[in-house]
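Listing of target.cif; format and content: mmCIF, C-alpha atoms and all ligand atoms.
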```cif
data_target
loop_
_atom_site.group_PDB
_atom_site.id
_atom_site.type_symbol
_atom_site.label_atom_id
_atom_site.label_comp_id
_atom_site.auth_asym_id
_atom_site.auth_seq_id
_atom_site.Cartn_x
_atom_site.Cartn_y
_atom_site.Cartn_z
ATOM 1 C CA MET A 721 40.959 36.191 255.611
ATOM 2 C CA ARG A 722 44.143 35.211 257.526
ATOM 3 C CA PRO A 723 43.763 33.425 260.889
ATOM 4 C CA VAL A 724 45.406 36.329 262.749
ATOM 5 C CA ALA A 725 42.993 38.802 261.184
ATOM 6 C CA LEU A 726 40.094 36.520 262.071
ATOM 7 C CA ILE A 727 41.229 36.304 265.699
ATOM 8 C CA LEU A 728 41.583 40.112 265.896
ATOM 9 C CA LEU A 729 38.105 40.562 264.405
ATOM 10 C CA ALA A 730 36.646 38.088 266.900
ATOM 11 C CA LEU A 731 38.371 39.878 269.805
ATOM 12 C CA ALA A 732 37.057 43.253 268.609
ATOM 13 C CA LEU A 733 33.512 41.853 268.374
ATOM 14 C CA CYS A 734 33.775 40.340 271.869
ATOM 15 C CA ALA A 735 34.969 43.680 273.270
ATOM 16 C CA THR A 736 32.045 45.503 271.656
ATOM 17 C CA VAL A 737 29.512 42.992 273.010
ATOM 18 C CA ALA A 738 31.111 43.111 276.490
ATOM 19 C CA CYS A 739 30.846 46.946 276.492
ATOM 20 C CA ALA A 740 27.197 46.795 275.451
ATOM 21 C CA ASP A 741 26.454 44.232 278.183
ATOM 22 C CA TYR A 742 28.217 46.343 280.804
ATOM 23 C CA LYS A 743 26.100 49.392 279.924
ATOM 24 C CA ALA A 744 22.861 47.393 279.573
ATOM 25 C CA ASP A 745 23.428 45.768 282.985
ATOM 26 C CA LEU A 746 23.986 49.161 284.577
ATOM 27 C CA ILE A 747 20.812 50.534 282.976
ATOM 28 C CA GLU A 748 18.907 47.607 284.497
ATOM 29 C CA GLN A 749 20.414 48.389 287.889
ATOM 30 C CA TYR A 750 19.694 52.124 287.628
ATOM 31 C CA PRO A 751 16.100 52.462 286.328
ATOM 32 C CA PHE A 752 16.089 56.295 286.610
ATOM 33 C CA TYR A 753 18.307 56.316 283.476
ATOM 34 C CA LYS A 754 15.192 55.601 281.398
ATOM 35 C CA THR A 755 13.401 58.630 282.841
ATOM 36 C CA ALA A 756 16.464 60.847 282.506
ATOM 37 C CA THR A 757 16.968 59.919 278.859
ATOM 38 C CA GLY A 758 13.236 59.674 278.067
ATOM 39 C CA ASP A 759 10.555 62.318 278.498
ATOM 40 C CA PHE A 760 12.668 64.099 281.110
ATOM 41 C CA ALA A 761 15.676 64.630 278.811
ATOM 42 C CA PRO A 762 14.800 68.223 277.754
ATOM 43 C CA VAL A 763 14.698 69.316 281.402
ATOM 44 C CA TYR A 764 18.486 69.087 281.846
ATOM 45 C CA PRO A 765 19.701 71.542 279.174
ATOM 46 C CA ALA A 766 16.950 73.961 280.234
ATOM 47 C CA LEU A 767 17.946 73.688 283.881
ATOM 48 C CA ALA A 768 21.617 74.118 282.982
ATOM 49 C CA GLN A 769 20.738 77.271 281.032
ATOM 50 C CA GLN A 770 18.700 78.587 283.983
ATOM 51 C CA ILE A 771 21.583 77.958 286.409
ATOM 52 C CA VAL A 772 24.040 79.816 284.161
ATOM 53 C CA GLU A 773 21.603 82.703 283.588
ATOM 54 C CA ASP A 774 20.811 83.064 287.288
ATOM 55 C CA TYR A 775 24.234 82.594 288.901
ATOM 56 C CA GLY A 776 26.753 83.185 286.110
ATOM 57 C CA VAL A 777 29.243 80.585 287.444
ATOM 58 C CA THR A 778 30.903 79.218 284.314
ATOM 59 C CA GLU A 779 34.332 78.101 285.525
ATOM 60 C CA GLY A 780 35.919 76.375 288.491
ATOM 61 C CA ILE A 781 34.573 73.402 290.420
ATOM 62 C CA CYS A 782 30.953 72.293 290.572
ATOM 63 C CA ILE A 783 29.522 69.414 292.619
ATOM 64 C CA ASP A 784 26.224 67.767 291.641
ATOM 65 C CA MET A 785 24.887 66.101 294.818
ATOM 66 C CA GLY A 786 22.926 62.954 293.949
ATOM 67 C CA GLY A 787 23.674 63.605 290.307
ATOM 68 C CA GLY A 788 22.599 60.143 289.146
ATOM 69 C CA CYS A 789 23.905 59.198 285.721
ATOM 70 C CA GLY A 790 25.148 62.749 285.109
ATOM 71 C CA SER A 791 22.427 64.240 282.908
ATOM 72 C CA LEU A 792 22.439 67.726 284.477
ATOM 73 C CA ALA A 793 26.211 67.765 284.892
ATOM 74 C CA MET A 794 26.781 66.885 281.236
ATOM 75 C CA ALA A 795 24.284 69.532 280.074
ATOM 76 C CA LEU A 796 26.001 72.141 282.267
ATOM 77 C CA SER A 797 29.488 71.149 281.158
ATOM 78 C CA LYS A 798 28.482 71.664 277.505
ATOM 79 C CA ILE A 799 27.715 75.371 278.091
ATOM 80 C CA THR A 800 30.427 76.202 280.668
ATOM 81 C CA ASP A 801 34.077 75.525 281.470
ATOM 82 C CA LEU A 802 33.199 74.000 284.845
ATOM 83 C CA THR A 803 34.773 70.782 286.082
ATOM 84 C CA ILE A 804 31.816 68.924 287.537
ATOM 85 C CA TYR A 805 31.928 66.138 290.145
ATOM 86 C CA VAL A 806 28.808 63.959 289.974
ATOM 87 C CA LEU A 807 28.425 62.478 293.453
ATOM 88 C CA ASP A 808 25.915 59.680 293.915
ATOM 89 C CA ILE A 809 25.341 57.020 296.553
ATOM 90 C CA ASP A 810 24.326 54.360 294.003
ATOM 91 C CA PRO A 811 27.363 52.530 292.525
ATOM 92 C CA ALA A 812 25.391 51.611 289.379
ATOM 93 C CA ALA A 813 24.566 55.288 288.751
ATOM 94 C CA VAL A 814 28.233 56.216 289.193
ATOM 95 C CA ARG A 815 29.460 53.512 286.792
ATOM 96 C CA LEU A 816 26.770 54.317 284.243
ATOM 97 C CA CYS A 817 27.689 57.990 284.502
ATOM 98 C CA GLY A 818 31.270 57.007 283.631
ATOM 99 C CA VAL A 819 30.117 55.211 280.481
ATOM 100 C CA LEU A 820 27.884 58.108 279.398
ATOM 101 C CA VAL A 821 30.592 60.689 280.097
ATOM 102 C CA ASP A 822 33.031 58.745 277.915
ATOM 103 C CA GLU A 823 30.434 58.422 275.156
ATOM 104 C CA ALA A 824 29.861 62.185 275.294
ATOM 105 C CA GLY A 825 33.605 62.899 275.118
ATOM 106 C CA LEU A 826 33.487 64.665 278.487
ATOM 107 C CA ARG A 827 36.036 62.593 280.409
ATOM 108 C CA GLY A 828 37.908 64.839 282.845
ATOM 109 C CA ARG A 829 35.244 67.538 282.584
ATOM 110 C CA VAL A 830 32.532 65.486 284.304
ATOM 111 C CA ILE A 831 33.840 63.194 287.056
ATOM 112 C CA PRO A 832 31.585 60.543 288.620
ATOM 113 C CA ILE A 833 32.261 59.765 292.264
ATOM 114 C CA GLU A 834 30.530 57.446 294.708
ATOM 115 C CA GLY A 835 29.522 59.028 297.998
ATOM 116 C CA ASP A 836 26.831 60.208 300.361
ATOM 117 C CA ALA A 837 25.460 63.730 300.053
ATOM 118 C CA GLN A 838 25.326 63.822 303.845
ATOM 119 C CA ASN A 839 29.072 63.232 304.191
ATOM 120 C CA MET A 840 30.872 64.206 300.990
ATOM 121 C CA PRO A 841 34.494 63.289 300.205
ATOM 122 C CA PHE A 842 35.520 66.857 299.380
ATOM 123 C CA ARG A 843 37.614 69.302 301.374
ATOM 124 C CA ASN A 844 36.186 72.508 302.848
ATOM 125 C CA ARG A 845 35.735 75.431 300.418
ATOM 126 C CA PHE A 846 36.411 73.240 297.370
ATOM 127 C CA ALA A 847 33.552 74.232 295.080
ATOM 128 C CA ASP A 848 32.457 77.322 293.166
ATOM 129 C CA LEU A 849 28.960 75.938 292.642
ATOM 130 C CA VAL A 850 26.846 73.148 294.144
ATOM 131 C CA ILE A 851 23.820 71.812 292.295
ATOM 132 C CA SER A 852 21.319 69.080 293.041
ATOM 133 C CA ARG A 853 18.100 68.126 291.285
ATOM 134 C CA GLY A 854 15.615 65.549 292.489
ATOM 135 C CA SER A 855 17.869 64.033 295.142
ATOM 136 C CA VAL A 856 17.357 65.981 298.391
ATOM 137 C CA PHE A 857 14.011 64.218 298.958
ATOM 138 C CA PHE A 858 15.897 60.933 299.363
ATOM 139 C CA TRP A 859 18.451 62.098 301.919
ATOM 140 C CA PRO A 860 17.531 60.695 305.349
ATOM 141 C CA ASP A 861 19.098 63.746 307.035
ATOM 142 C CA GLN A 862 18.455 66.683 304.700
ATOM 143 C CA LEU A 863 19.980 69.190 307.117
ATOM 144 C CA ALA A 864 23.250 67.208 307.088
ATOM 145 C CA GLY A 865 23.245 67.400 303.263
ATOM 146 C CA LEU A 866 22.634 71.146 303.295
ATOM 147 C CA LYS A 867 25.427 71.613 305.862
ATOM 148 C CA GLU A 868 27.713 69.612 303.557
ATOM 149 C CA ALA A 869 26.831 71.891 300.631
ATOM 150 C CA TYR A 870 27.714 74.883 302.826
ATOM 151 C CA ARG A 871 30.959 73.264 303.994
ATOM 152 C CA VAL A 872 32.304 72.463 300.515
ATOM 153 C CA LEU A 873 31.349 75.815 298.966
ATOM 154 C CA LYS A 874 33.820 78.664 298.744
ATOM 155 C CA PRO A 875 32.615 81.735 300.669
ATOM 156 C CA GLY A 876 29.996 83.775 298.791
ATOM 157 C CA ARG A 877 29.229 80.959 296.350
ATOM 158 C CA VAL A 878 25.873 79.439 295.638
ATOM 159 C CA ALA A 879 24.077 76.098 296.024
ATOM 160 C CA PHE A 880 21.057 75.289 293.849
ATOM 161 C CA ILE A 881 19.199 72.399 295.493
ATOM 162 C CA GLY A 882 15.673 71.215 294.765
ATOM 163 C CA GLY A 883 13.534 69.275 292.373
ATOM 164 C CA GLY A 884 11.210 69.560 289.440
ATOM 165 C CA ILE A 885 11.639 71.156 286.051
ATOM 166 C CA SER A 886 13.271 74.324 284.796
ATOM 167 C CA ARG A 887 11.654 77.738 284.613
ATOM 168 C CA VAL A 888 13.065 78.212 281.094
ATOM 169 C CA LEU A 889 11.864 74.876 279.707
ATOM 170 C CA ASP A 890 9.835 75.193 276.505
ATOM 171 C CA GLN A 891 6.181 75.732 277.527
ATOM 172 C CA ALA A 892 4.776 72.936 275.342
ATOM 173 C CA ILE A 893 7.245 70.389 276.769
ATOM 174 C CA LYS A 894 6.548 71.675 280.270
ATOM 175 C CA ARG A 895 2.783 71.225 279.807
ATOM 176 C CA LYS A 896 3.281 67.658 278.563
ATOM 177 C CA LEU A 897 5.536 66.769 281.505
ATOM 178 C CA VAL A 898 3.220 68.359 284.049
ATOM 179 C CA GLU A 899 0.209 66.523 282.583
ATOM 180 C CA ALA A 900 2.099 63.225 282.560
ATOM 181 C CA ARG A 901 3.359 63.622 286.125
ATOM 182 C CA GLY A 902 0.514 65.590 287.696
ATOM 183 C CA THR A 903 2.949 68.152 289.143
ATOM 184 C CA SER A 904 3.805 71.770 288.466
ATOM 185 C CA LYS A 905 6.841 71.929 290.761
ATOM 186 C CA GLN A 906 9.885 73.861 289.573
ATOM 187 C CA THR A 907 13.385 73.690 290.956
ATOM 188 C CA GLY A 908 13.625 76.466 293.515
ATOM 189 C CA GLY A 909 15.943 79.308 294.307
ATOM 190 C CA PRO A 910 19.531 79.426 295.512
ATOM 191 C CA THR A 911 21.098 78.989 298.922
ATOM 192 C CA ARG A 912 24.053 81.342 299.336
ATOM 193 C CA ARG A 913 27.054 80.539 301.470
HETATM 194 C C1 LIG A 1001 15.547 60.920 291.154
HETATM 195 S S1 LIG A 1001 17.249 60.577 291.017
HETATM 196 C C2 LIG A 1001 17.842 62.120 290.329
HETATM 197 C C3 LIG A 1001 19.166 61.955 289.678
HETATM 198 C C4 LIG A 1001 19.705 63.228 289.016
HETATM 199 N N1 LIG A 1001 19.923 64.292 289.969
HETATM 200 C C5 LIG A 1001 18.818 63.684 287.897
HETATM 201 O O1 LIG A 1001 18.108 64.667 288.075
HETATM 202 O O2 LIG A 1001 18.862 63.060 286.847
HETATM 203 C C6 LIG A 1001 17.821 60.701 292.710
HETATM 204 C C7 LIG A 1001 19.288 60.374 292.902
HETATM 205 O O3 LIG A 1001 19.701 60.680 294.229
HETATM 206 C C8 LIG A 1001 20.634 59.680 294.629
HETATM 207 N N2 LIG A 1001 20.722 59.680 296.093
HETATM 208 C C9 LIG A 1001 19.771 59.331 296.991
HETATM 209 N N3 LIG A 1001 20.230 59.475 298.237
HETATM 210 C C10 LIG A 1001 21.506 59.937 298.154
HETATM 211 C C11 LIG A 1001 22.511 60.295 299.097
HETATM 212 N N4 LIG A 1001 22.306 60.193 300.417
HETATM 213 N N5 LIG A 1001 23.688 60.738 298.639
HETATM 214 C C12 LIG A 1001 23.922 60.830 297.301
HETATM 215 N N6 LIG A 1001 23.014 60.503 296.367
HETATM 216 C C13 LIG A 1001 21.815 60.074 296.777
HETATM 217 C C14 LIG A 1001 20.048 58.410 294.043
HETATM 218 O O4 LIG A 1001 20.999 57.374 293.996
HETATM 219 C C15 LIG A 1001 19.599 58.908 292.691
HETATM 220 O O5 LIG A 1001 20.612 58.787 291.723
#
```
Show the structure stored in the file as structure tokens.
Ligand SMILES: C[S@@+](CC[C@H](N)C(=O)[O-])C[C@H]1O[C@@H](n2cnc3c(N)ncnc32)[C@H](O)[C@@H]1O
Amino acid sequence: MRPVALILLALALCATVACADYKADLIEQYPFYKTATGDFAPVYPALAQQIVEDYGVTEGICIDMGGGCGSLAMALSKITDLTIYVLDIDPAAVRLCGVLVDEAGLRGRVIPIEGDAQNMPFRNRFADLVISRGSVFFWPDQLAGLKEAYRVLKPGRVAFIGGGISRVLDQAIKRKLVEARGTSKQTGGPTRR
């Protein structure tokens, strides 16, 4: 092999290793990734399906408040034409979301953004849909977060904020999750603007 080819090969290998390290470091910094991609993974497509069935919002702007590494947003983007902003306060979650979005070929459709659910960097009446799963419990001022959801929603649009697992999740998977976690909570109903 020619020296130039060898150098190019070495550079390509270094780039691959650097990418892997970047993602692995972020996974270490954001431990919820392992839950989201582990036993909890089937929850997201089921929840996305439930949201579409219940509210029928399939285009326009969606904001996922405390969206973590983007699991729900990516599931929702695969069955709709929504552009989804994944807002999270944790910089590692936001960066990891960027990696996962690229890997899924969803760049531009799912947009990670760092920010606080209680004071979001979006203009009034920006969104057609607001979603949030498993994050509201961590907001120090939940009322401020709910007011923010109201502020950024277009009039008459809906916010789906709560926790737990989807109503439409396969029963066998649901039973396993409930047994493992000792909870039967399901993500609740909508808040209309
Ligand atoms: C249990 S994880 C759920 C993540 C994601 N919604 C999911 O279901 O995969 C909770 C997330 O809420 C985020 N979070 C907590 N407080 C927040 C705040 N004030 N603003 C935005 N995100 C917040 C955390 O960083 C974390 O990513």
Closest of A:Ala900, A:Ile851, A:Ala744, A:Leu889 to ligand LIG 1001 (chain A), counting all atoms listed in the file, is A:Ile851
What is the CA of Thr755 in chain A to atom O5 of ligand LIG 1001 (chain A) distance in Å? 11.4 Å
Residues up to 6 Å from ligand LIG 1001 (chain A), counting only C-alpha atoms and all ligand atoms: could you list those as a ChimeraX atom specification? /A:756,785-788,791,808-810,835-838,852-855,858-859
Find the axis-aligned box for range 809-816 of chain A, covering all its listed atoms and adding 6 Å on each side, and write its centre and edge lengths in Å to one decimal as JSON.
```
{"center_x": 26.9, "center_y": 54.3, "center_z": 290.4, "size_x": 17.1, "size_y": 17.4, "size_z": 24.3}
```
Please enumerate the residues selected by the PyMOL selection byres (((chain A and resi 776) around 12) and not hetatm) when evaluated against the supplied file, formatted as a list of chain:residue names. A:Ala768, A:Gln769, A:Gln770, A:Ile771, A:Val772, A:Glu773, A:Asp774, A:Tyr775, A:Val777, A:Thr778, A:Glu779, A:Gly780, A:Leu796, A:Ile799, A:Thr800, A:Asp801, A:Leu802, A:Asp848, A:Leu849, A:Arg877, A:Val878
Here is a test: counting all atoms listed in the file, which residue of A:Ala812, A:Pro765, A:Arg827, A:Gln891 is nearest to Lys798 in chain A?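 So, comparing all the options, the nearest one is A:Pro765.
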In Å, with one decimal, what is the gap from CA of Phe760 in chain A to CA of Gly884 in chain A?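 Here the two named atoms are 10.1 Å from each other.
Of note, CA of Met840 in chain A and CA of Thr757 in chain A are spaced 26.5 Å apart.
Using all atoms listed in the file, the nearest neighbour of Ile833 in chain A within the list A:Cys782, A:Ala879, A:Cys817, A:Val856 is A:Cys817.
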Of the candidates A:Ala766, A:Ala869, A:Ala813, A:Ile804, which shows the shortest atom-to-atom distance to Phe752 in chain A, using all atoms listed in the file?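 Looking at the shortest contact to Phe752 in chain A, the residue is A:Ala813.
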Between A:Asp822, A:Asp861, A:Glu899, A:Asp745, which residue has the minimum interatomic distance to Asn839 in chain A, considering only C-alpha atoms?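 For Asn839 in chain A, the nearest of the given residues is A:Asp861.
Excluding Lys874 in chain A itself and any same-chain residue fewer than 2 positions from it, the protein and nucleic acid residues within 8 Å of it, counting all atoms listed in the file, are Asn844, Arg845, Phe846, Ala847, Asp848, Val872, Gly876, Arg877 and Arg913 of chain A.
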